[in-house]
Amino acid sequence: MKLTRDSKIKDLYKTAIGQDVVDKILMQMNKSDKWITNPLVSNLKISALNLYIKDEGFLDALLDLINSETELGVQEGGTLTKQWWKEVVFYQIYPRSFKDSNGDGLGDLQGIISKLDYLKELGIGGLWLSPIFKSPMKDNGYDISDYYEVNPEMGTMDDLKELIDQAHKRDIRVIMDLVVNHTSDEHPWFQEALHDPNSDKRDYYFFRKKEETNNWVSFFFESAWRYFKEQDIYALKLFAKEQIDLNWDNPKVRDEVVKIINFYGDLGIDGLRLDVINYISKKEGLPQGNQWVGDLMEFTGIEHYFYGPHLNEYLAEINSRGFAPNHMFSIGETPGIGIQLGKLLSADYRKQLDLLFTFDHLETPGHVRFDEYLYDLNFYKEHMMKVLGSNSLHDWTSLFFENHDNPRMISKVNPDPMVHDVLGKALNVILLTLQGTPFIYQGQEAGFINQEFTEEDLRDVESINKLKVSDMKTVLAGTRDHARTTMKWSDEGGFSESEGWIKSQHESVASIESQLEDSMSVLSFTKQLISFRNNTDDLIYAPIQFIHPKTRNYFAYKRGDYFIEINLSDKDINRPKSNDVLGLLLSNYKGQVLGSLRPYEANIYRIL
Ligand code: GLC
Ligand code: CA
């Protein structure tokens with residue numbers, strides 16, 4: 001049934017896009033969903049939304065989008081399928097900052113190989129490598145100029161083979177990062193396309209004359225169109241000006257992607273993380289973006305490509321022609337995708353992606369990454385209860401607090417050094433005991449935090465562009481460089497024999513080496529946690545049951561025979577009575593206080 005302006009607001013909520021988009025808008029406006037689900041509002045006609053949203057075009061844009069997806073995912077039941085990628089703890093490596101083996105100040109593949117024993121010891125079962133392909137490094141490898149070559153600063157194809165081999169010997173799977181929404185402007189396809197309008201590569205990208213461009217805005221705070229003066233032509237680029245969007249509507253582009261997947265399948269790679277993969281299908285004709293949505297979401301035009309008309313079809317195609325025949329795992333990075341659309345992209349019976357990275361948990365309502373604020377973990381609790389509560393047995397969730405695009409979680413929640421260790425441990429308890437596949441970002445196992453940067457210290461293209469339109473305080477709140485500082489392996493640094501390409505981890509945090517020797521460190525605790533998870537089937541497959549879900553600052557749940565509880569605040573709280581007899585197994589505090597939980601206290605019990 002197609003929705004029109006005369007349909008009721010509650011009918012919006014019965015569609016996947018309606019639910020996700022309305023949730024997202026309410027969250028951005030910092031309003032509860034009660035605002036719209038209460039009968040007074042939900043029985044109104046959709047057209048009544050114009051009373052609140054003073055933009056004529058908005059309703060048409062919304063209805064258009066909603067009517068483009070009539071399916072709704074399975075909401076409950078189903079059968080659970082066991083998969084290796086549901087069982088392992090993943091670890092994300094940002095190769096440039098992980099370990100330098102040859103003293104040029106840049107991390108490399110031999111550096112990673114030299115740390116595989118460390119990762120094995122830690123209990124890691126899967127590695128995700130951020131891009132290591134040939135690249136001019138305008139966006140640190142997310143701008144690929146050759147999909148079949150290793151970036152010379154990181155090593156060679158032989159190093160990659162050695163890395164896969166050495167990882168597999170230690171029972172560690174390897175997934176790589178594939179960036180195929182766009183290529184580098186130095187990719188031969190683009191160079192040929194730009195210089196030869198008659199080349200078949202021309203249609204690999206979106207070239208347009210000035211009058212055919214639109215008002216879309218790039219994620220790095222510029223126009224989404226780059227002008228090439230000599231050729232007097234524009235090309236679409238949703239990210240940096242050197243990252244040009246590929247035209248997936250061209251079957252030849254999809255053939256190229258399938259070829260790459262098969263190549264790495266043959267090489268022994270276990271899976272791929274697909275960069276901004278939900279942006280690959282752009283609405284025909286590249287229409288103007290709605291201004292109201294643009295202002296609210298910051299990125300004008302996004303409604304025309306975050307869940308484009310052929311997205312499901314293209315994902316199913318690369319799955320059946322690439323991932324499935326190679327038995328490769330796929331995880332899509334899908335910014336802007338909410339719970340319901342997430343199901344459509346990753347439920348197992350849909351045969352598109354295995355898992356998603358979505359981001360709605362990373363900022364609390366009304367905030368964006370560049371806002372300076374403290375993150376309230378109560379929001380995370382509520383959000384995850386909703387996410388996990390919406391899963392059928394066909395769905396599975398990735399769990400993460402950090403990656404190479406976000407500041408460190410400890411710093412976001414509470415930068416007070418007094419709580420650093422307990423908080424770092426509590427976050428890792430949550431990450432490793434909730435239901436889903438945990439992804440640890442390098443350094444998170446040891447409680448790494450944000451760094452202090454001056455303007456000259458900044459390296460990230462996004463931060464540098466952001467600084468042109470805002471101030472340093474704003475940039476520091478959200479810069480991705482916080483996560484990209486080099487690993488502090490030893491007290492002297494231990495990343496490289498020379499100076500690293502970016503600042504190292506904050507001086508106040510103990511190095512990996514010294515934390516390994518300290519049985520009370522965040523790292524030693526995280527190691528115990530991972531080992532516990534690896535050996536406890538309940539923590540992997542048992543359903544989750546939330547306890548006292550409404551009690552503020554208290555996050556508790558059961559997983560099979562285990563009970564987990566966390567104080568989400570920096571204050572002592574009363575410990576709600578439990579009907580179970582519990583035996584304490586792991587805690588971030590020594591001993592217990594009867595009837596209360598100390599700041600960020602996190603305990604794992606066996607139910608006796
Ligand atoms: C993804 C990556 C990010 C990159 C962007 C463009 O969001 O995680 O690092 O800048 O895509 O490729
Ligand atoms: Ca190096």
# chains A, B, ... in the order shown; residues from 1 in each chain; ligands from 1

$ select_by_dssp --residues "region 130-332 of chain A" --states "strand (DSSP E)" --output "number ranges by chain"
A: 133-134, 146-150, 173-178, 182-184, 207-208, 225-228, 233-236, 243-245, 271-274, 329-332

$ residues_around --residues "region 282-297 of chain A" --least-positions-apart "2" --cutoff "8 Å" --atoms "only C-alpha atoms" --output "list in words"
Ile25, Gln28, Asp55, Gly57, Phe58, Ala61, Thr213, Asn214, Asn215, Trp216, Tyr279, Ile280, Phe299, Thr300, Gly301, Ile302, Glu303, His304, Tyr305, Gly308 and Pro309 of chain A

$ closest_residue --among "A:Asn414, A:Asn450, A:Asn574, A:Thr364" --to "Lys24 (chain A)" --atoms "only C-alpha atoms"
A:Thr364

$ residues_around --residues "region 478-494 of chain A" --least-positions-apart "3" --cutoff "8 Å" --atoms "only C-alpha atoms" --output "PyMOL selection string"
chain A and resi 94+97-99+369-372+402-408+442-443+449-451+458-460+462-463+474-475+497+500+502-505+510-514

$ residues_near_ligand --ligand "ligand 2" --cutoff "12 Å" --atoms "only C-alpha atoms and all ligand atoms" --output "JSON, numbers by chain"
{"A": [95, 96, 97, 98, 99, 100, 101, 102, 103, 104, 105, 106, 107, 108, 109, 110, 111, 112, 151, 152, 153, 154, 155, 156, 495, 496, 497, 498, 499, 500, 501]}

$ closest_residue --among "A:Asp23, A:Asp11, A:Trp84, A:Thr334" --to "Asn67 (chain A)" --atoms "only C-alpha atoms"
A:Asp11

$ residues_around --residues "region 223-228 of chain A" --least-positions-apart "4" --cutoff "12 Å" --atoms "only C-alpha atoms" --output "MDAnalysis selection string"
chainID A and resid 185 191 194:195 205:219 232:245 286 288:289 299:302 465

$ write_last_selection --atoms "N, CA and C atoms" --output "short mmCIF file (atom, residue, chain, number, x, y, z; two decimals), in the first residue's frame"
data_model
loop_
_atom_site.label_atom_id
_atom_site.label_comp_id
_atom_site.auth_asym_id
_atom_site.auth_seq_id
_atom_site.Cartn_x
_atom_site.Cartn_y
_atom_site.Cartn_z
N ASP A 185 41.25 9.67 -7.10
CA ASP A 185 41.29 10.33 -8.42
C ASP A 185 42.53 9.90 -9.20
N GLN A 191 41.56 8.39 -14.24
CA GLN A 191 42.42 9.18 -15.13
C GLN A 191 42.00 9.01 -16.58
N LEU A 194 38.61 10.76 -17.15
CA LEU A 194 38.70 12.22 -17.17
C LEU A 194 39.29 12.72 -18.49
N HIS A 195 40.33 12.05 -18.95
CA HIS A 195 41.06 12.56 -20.11
C HIS A 195 40.49 12.09 -21.44
N TYR A 205 31.99 6.60 -13.51
CA TYR A 205 31.83 7.70 -12.53
C TYR A 205 30.63 8.55 -12.92
N PHE A 206 30.38 9.60 -12.13
CA PHE A 206 29.28 10.51 -12.45
C PHE A 206 29.87 11.84 -12.94
N PHE A 207 30.07 11.93 -14.23
CA PHE A 207 30.53 13.22 -14.80
C PHE A 207 29.30 14.02 -15.21
N ARG A 208 29.30 15.30 -14.88
CA ARG A 208 28.15 16.13 -15.22
C ARG A 208 28.60 17.54 -15.62
N LYS A 209 27.80 18.15 -16.52
CA LYS A 209 28.01 19.56 -16.82
C LYS A 209 27.47 20.38 -15.67
N LYS A 210 27.90 21.63 -15.59
CA LYS A 210 27.51 22.45 -14.43
C LYS A 210 26.01 22.42 -14.17
N GLU A 211 25.22 22.60 -15.24
CA GLU A 211 23.77 22.69 -15.04
C GLU A 211 23.17 21.36 -14.60
N GLU A 212 23.93 20.28 -14.71
CA GLU A 212 23.40 18.97 -14.28
C GLU A 212 23.84 18.59 -12.86
N THR A 213 24.63 19.44 -12.23
CA THR A 213 25.05 19.11 -10.86
C THR A 213 23.89 19.44 -9.90
N ASN A 214 24.08 19.14 -8.62
CA ASN A 214 23.00 19.39 -7.66
C ASN A 214 23.57 20.02 -6.39
N ASN A 215 22.73 20.14 -5.37
CA ASN A 215 23.14 20.84 -4.14
C ASN A 215 23.70 19.89 -3.06
N TRP A 216 24.06 18.67 -3.44
CA TRP A 216 24.55 17.75 -2.43
C TRP A 216 25.85 18.27 -1.80
N VAL A 217 26.02 17.90 -0.52
CA VAL A 217 27.18 18.36 0.23
C VAL A 217 28.03 17.15 0.61
N SER A 218 29.35 17.31 0.58
CA SER A 218 30.21 16.17 0.89
C SER A 218 30.34 15.98 2.40
N PHE A 219 30.75 14.79 2.80
CA PHE A 219 30.90 14.51 4.24
C PHE A 219 32.10 15.23 4.83
N ASP A 232 36.47 21.28 -18.18
CA ASP A 232 35.22 21.97 -17.89
C ASP A 232 34.09 20.99 -17.56
N ILE A 233 34.38 20.12 -16.59
CA ILE A 233 33.40 19.10 -16.22
C ILE A 233 33.44 18.89 -14.71
N TYR A 234 32.33 18.42 -14.15
CA TYR A 234 32.25 18.12 -12.72
C TYR A 234 32.16 16.62 -12.51
N ALA A 235 32.69 16.16 -11.36
CA ALA A 235 32.51 14.75 -11.01
C ALA A 235 31.99 14.68 -9.57
N LEU A 236 31.12 13.70 -9.32
CA LEU A 236 30.52 13.56 -7.98
C LEU A 236 31.51 12.94 -7.02
N LYS A 237 31.62 13.50 -5.84
CA LYS A 237 32.49 12.92 -4.81
C LYS A 237 31.87 13.24 -3.44
N LEU A 238 31.43 12.17 -2.77
CA LEU A 238 30.74 12.38 -1.48
C LEU A 238 31.72 12.60 -0.33
N PHE A 239 33.00 12.31 -0.56
CA PHE A 239 33.99 12.50 0.52
C PHE A 239 35.03 13.54 0.08
N ALA A 240 36.32 13.25 0.25
CA ALA A 240 37.33 14.25 -0.11
C ALA A 240 37.34 14.47 -1.62
N LYS A 241 37.95 15.56 -2.05
CA LYS A 241 37.89 15.86 -3.48
C LYS A 241 38.69 14.86 -4.31
N GLU A 242 39.54 14.09 -3.64
CA GLU A 242 40.32 13.06 -4.34
C GLU A 242 39.62 11.70 -4.31
N GLN A 243 38.42 11.62 -3.73
CA GLN A 243 37.68 10.35 -3.67
C GLN A 243 36.45 10.46 -4.55
N ILE A 244 36.52 9.89 -5.76
CA ILE A 244 35.44 10.11 -6.74
C ILE A 244 34.47 8.93 -6.74
N ASP A 245 33.18 9.23 -6.62
CA ASP A 245 32.18 8.17 -6.51
C ASP A 245 32.05 7.33 -7.78
N LEU A 286 20.02 12.08 -10.05
CA LEU A 286 20.70 12.83 -8.98
C LEU A 286 19.93 14.11 -8.60
N GLN A 288 17.90 17.21 -6.59
CA GLN A 288 18.27 18.13 -5.51
C GLN A 288 17.94 17.51 -4.15
N GLY A 289 18.76 17.78 -3.16
CA GLY A 289 18.47 17.33 -1.80
C GLY A 289 17.49 18.29 -1.13
N PHE A 299 24.03 16.88 5.96
CA PHE A 299 24.54 16.50 4.65
C PHE A 299 23.41 16.53 3.62
N THR A 300 23.30 17.64 2.92
CA THR A 300 22.23 17.80 1.95
C THR A 300 22.34 16.76 0.84
N GLY A 301 21.24 16.12 0.53
CA GLY A 301 21.21 15.14 -0.56
C GLY A 301 21.16 13.70 -0.07
N ILE A 302 21.42 13.50 1.21
CA ILE A 302 21.61 12.14 1.74
C ILE A 302 20.41 11.22 1.51
N ASN A 465 39.68 20.18 6.93
CA ASN A 465 38.55 20.88 6.29
C ASN A 465 37.60 21.49 7.32
#

$ closest_residue --among "A:Met385, A:Val21, A:Leu427, A:Ile410" --to "Ile547 (chain A)" --atoms "only C-alpha atoms"
A:Met385

$ decode --residues "region 572-600 of chain A" --atoms "N, CA, C and O atoms" --output "JSON list (two decimals), in the first residue's frame"
[["chain", "number", "residue", "atom", "x", "y", "z"],
["A", 572, "ASP", "N", 28.26, 6.27, 43.55],
["A", 572, "ASP", "CA", 27.77, 5.02, 44.14],
["A", 572, "ASP", "C", 26.27, 4.92, 43.86],
["A", 572, "ASP", "O", 25.57, 5.92, 43.92],
["A", 573, "ILE", "N", 25.81, 3.72, 43.54],
["A", 573, "ILE", "CA", 24.35, 3.55, 43.39],
["A", 573, "ILE", "C", 23.91, 2.34, 44.22],
["A", 573, "ILE", "O", 24.72, 1.47, 44.55],
["A", 574, "ASN", "N", 22.61, 2.32, 44.55],
["A", 574, "ASN", "CA", 22.08, 1.14, 45.24],
["A", 574, "ASN", "C", 22.07, -0.02, 44.28],
["A", 574, "ASN", "O", 21.76, 0.13, 43.11],
["A", 575, "ARG", "N", 22.36, -1.18, 44.83],
["A", 575, "ARG", "CA", 22.35, -2.36, 43.99],
["A", 575, "ARG", "C", 21.00, -3.05, 44.15],
["A", 575, "ARG", "O", 20.68, -3.54, 45.23],
["A", 576, "PRO", "N", 20.18, -3.06, 43.10],
["A", 576, "PRO", "CA", 18.87, -3.69, 43.22],
["A", 576, "PRO", "C", 19.03, -5.14, 43.65],
["A", 576, "PRO", "O", 19.98, -5.81, 43.24],
["A", 577, "LYS", "N", 18.09, -5.62, 44.46],
["A", 577, "LYS", "CA", 18.16, -7.01, 44.95],
["A", 577, "LYS", "C", 17.95, -7.97, 43.79],
["A", 577, "LYS", "O", 17.17, -7.72, 42.89],
["A", 578, "SER", "N", 18.68, -9.08, 43.84],
["A", 578, "SER", "CA", 18.50, -10.09, 42.81],
["A", 578, "SER", "C", 17.88, -11.33, 43.44],
["A", 578, "SER", "O", 18.17, -11.67, 44.59],
["A", 579, "ASN", "N", 17.02, -12.01, 42.70],
["A", 579, "ASN", "CA", 16.40, -13.23, 43.21],
["A", 579, "ASN", "C", 17.32, -14.43, 43.08],
["A", 579, "ASN", "O", 17.06, -15.48, 43.64],
["A", 580, "ASP", "N", 18.39, -14.25, 42.33],
["A", 580, "ASP", "CA", 19.30, -15.37, 42.10],
["A", 580, "ASP", "C", 20.43, -15.38, 43.12],
["A", 580, "ASP", "O", 20.79, -14.35, 43.67],
["A", 581, "VAL", "N", 20.96, -16.57, 43.34],
["A", 581, "VAL", "CA", 22.18, -16.67, 44.12],
["A", 581, "VAL", "C", 23.34, -16.55, 43.14],
["A", 581, "VAL", "O", 23.40, -17.26, 42.14],
["A", 582, "LEU", "N", 24.22, -15.61, 43.42],
["A", 582, "LEU", "CA", 25.25, -15.30, 42.42],
["A", 582, "LEU", "C", 26.65, -15.52, 42.95],
["A", 582, "LEU", "O", 26.95, -15.19, 44.11],
["A", 583, "GLY", "N", 27.49, -16.08, 42.13],
["A", 583, "GLY", "CA", 28.90, -16.25, 42.50],
["A", 583, "GLY", "C", 29.74, -15.35, 41.63],
["A", 583, "GLY", "O", 29.73, -15.48, 40.40],
["A", 584, "LEU", "N", 30.46, -14.44, 42.26],
["A", 584, "LEU", "CA", 31.23, -13.46, 41.48],
["A", 584, "LEU", "C", 32.40, -14.13, 40.74],
["A", 584, "LEU", "O", 33.17, -14.87, 41.33],
["A", 585, "LEU", "N", 32.52, -13.83, 39.45],
["A", 585, "LEU", "CA", 33.61, -14.40, 38.65],
["A", 585, "LEU", "C", 34.66, -13.36, 38.29],
["A", 585, "LEU", "O", 35.84, -13.61, 38.33],
["A", 586, "LEU", "N", 34.17, -12.20, 37.87],
["A", 586, "LEU", "CA", 35.09, -11.15, 37.40],
["A", 586, "LEU", "C", 34.53, -9.80, 37.79],
["A", 586, "LEU", "O", 33.33, -9.56, 37.69],
["A", 587, "SER", "N", 35.43, -8.89, 38.23],
["A", 587, "SER", "CA", 34.98, -7.56, 38.60],
["A", 587, "SER", "C", 36.09, -6.55, 38.35],
["A", 587, "SER", "O", 37.27, -6.91, 38.40],
["A", 588, "ASN", "N", 35.72, -5.32, 38.11],
["A", 588, "ASN", "CA", 36.75, -4.28, 37.96],
["A", 588, "ASN", "C", 37.10, -3.65, 39.31],
["A", 588, "ASN", "O", 37.82, -2.66, 39.34],
["A", 589, "TYR", "N", 36.55, -4.17, 40.41],
["A", 589, "TYR", "CA", 36.92, -3.74, 41.76],
["A", 589, "TYR", "C", 37.35, -4.96, 42.55],
["A", 589, "TYR", "O", 36.92, -6.07, 42.27],
["A", 590, "LYS", "N", 38.13, -4.70, 43.57],
["A", 590, "LYS", "CA", 38.47, -5.78, 44.50],
["A", 590, "LYS", "C", 37.39, -5.84, 45.56],
["A", 590, "LYS", "O", 37.04, -4.81, 46.14],
["A", 591, "GLY", "N", 36.87, -6.99, 45.82],
["A", 591, "GLY", "CA", 35.87, -7.13, 46.87],
["A", 591, "GLY", "C", 34.57, -6.43, 46.51],
["A", 591, "GLY", "O", 34.50, -5.68, 45.53],
["A", 592, "GLN", "N", 33.52, -6.69, 47.29],
["A", 592, "GLN", "CA", 32.23, -6.06, 47.01],
["A", 592, "GLN", "C", 31.73, -5.31, 48.23],
["A", 592, "GLN", "O", 32.09, -5.63, 49.35],
["A", 593, "VAL", "N", 30.88, -4.31, 47.98],
["A", 593, "VAL", "CA", 30.25, -3.58, 49.07],
["A", 593, "VAL", "C", 28.79, -4.02, 49.09],
["A", 593, "VAL", "O", 28.14, -3.98, 48.04],
["A", 594, "LEU", "N", 28.31, -4.43, 50.24],
["A", 594, "LEU", "CA", 26.96, -4.95, 50.31],
["A", 594, "LEU", "C", 25.93, -3.88, 49.89],
["A", 594, "LEU", "O", 25.97, -2.76, 50.38],
["A", 595, "GLY", "N", 25.06, -4.23, 48.99],
["A", 595, "GLY", "CA", 23.93, -3.35, 48.66],
["A", 595, "GLY", "C", 24.25, -2.16, 47.78],
["A", 595, "GLY", "O", 23.37, -1.37, 47.46],
["A", 596, "SER", "N", 25.52, -1.99, 47.39],
["A", 596, "SER", "CA", 25.76, -0.86, 46.49],
["A", 596, "SER", "C", 26.84, -1.18, 45.45],
["A", 596, "SER", "O", 27.60, -2.14, 45.58],
["A", 597, "LEU", "N", 26.86, -0.36, 44.43],
["A", 597, "LEU", "CA", 27.88, -0.49, 43.39],
["A", 597, "LEU", "C", 28.66, 0.81, 43.32],
["A", 597, "LEU", "O", 28.09, 1.89, 43.31],
["A", 598, "ARG", "N", 29.97, 0.70, 43.28],
["A", 598, "ARG", "CA", 30.82, 1.89, 43.20],
["A", 598, "ARG", "C", 30.88, 2.43, 41.76],
["A", 598, "ARG", "O", 30.40, 1.77, 40.85],
["A", 599, "PRO", "N", 31.47, 3.62, 41.58],
["A", 599, "PRO", "CA", 31.49, 4.22, 40.24],
["A", 599, "PRO", "C", 31.95, 3.24, 39.17],
["A", 599, "PRO", "O", 33.00, 2.62, 39.32],
["A", 600, "TYR", "N", 31.15, 3.08, 38.15],
["A", 600, "TYR", "CA", 31.44, 2.22, 36.99],
["A", 600, "TYR", "C", 31.77, 0.78, 37.39],
["A", 600, "TYR", "O", 32.42, 0.06, 36.63]]
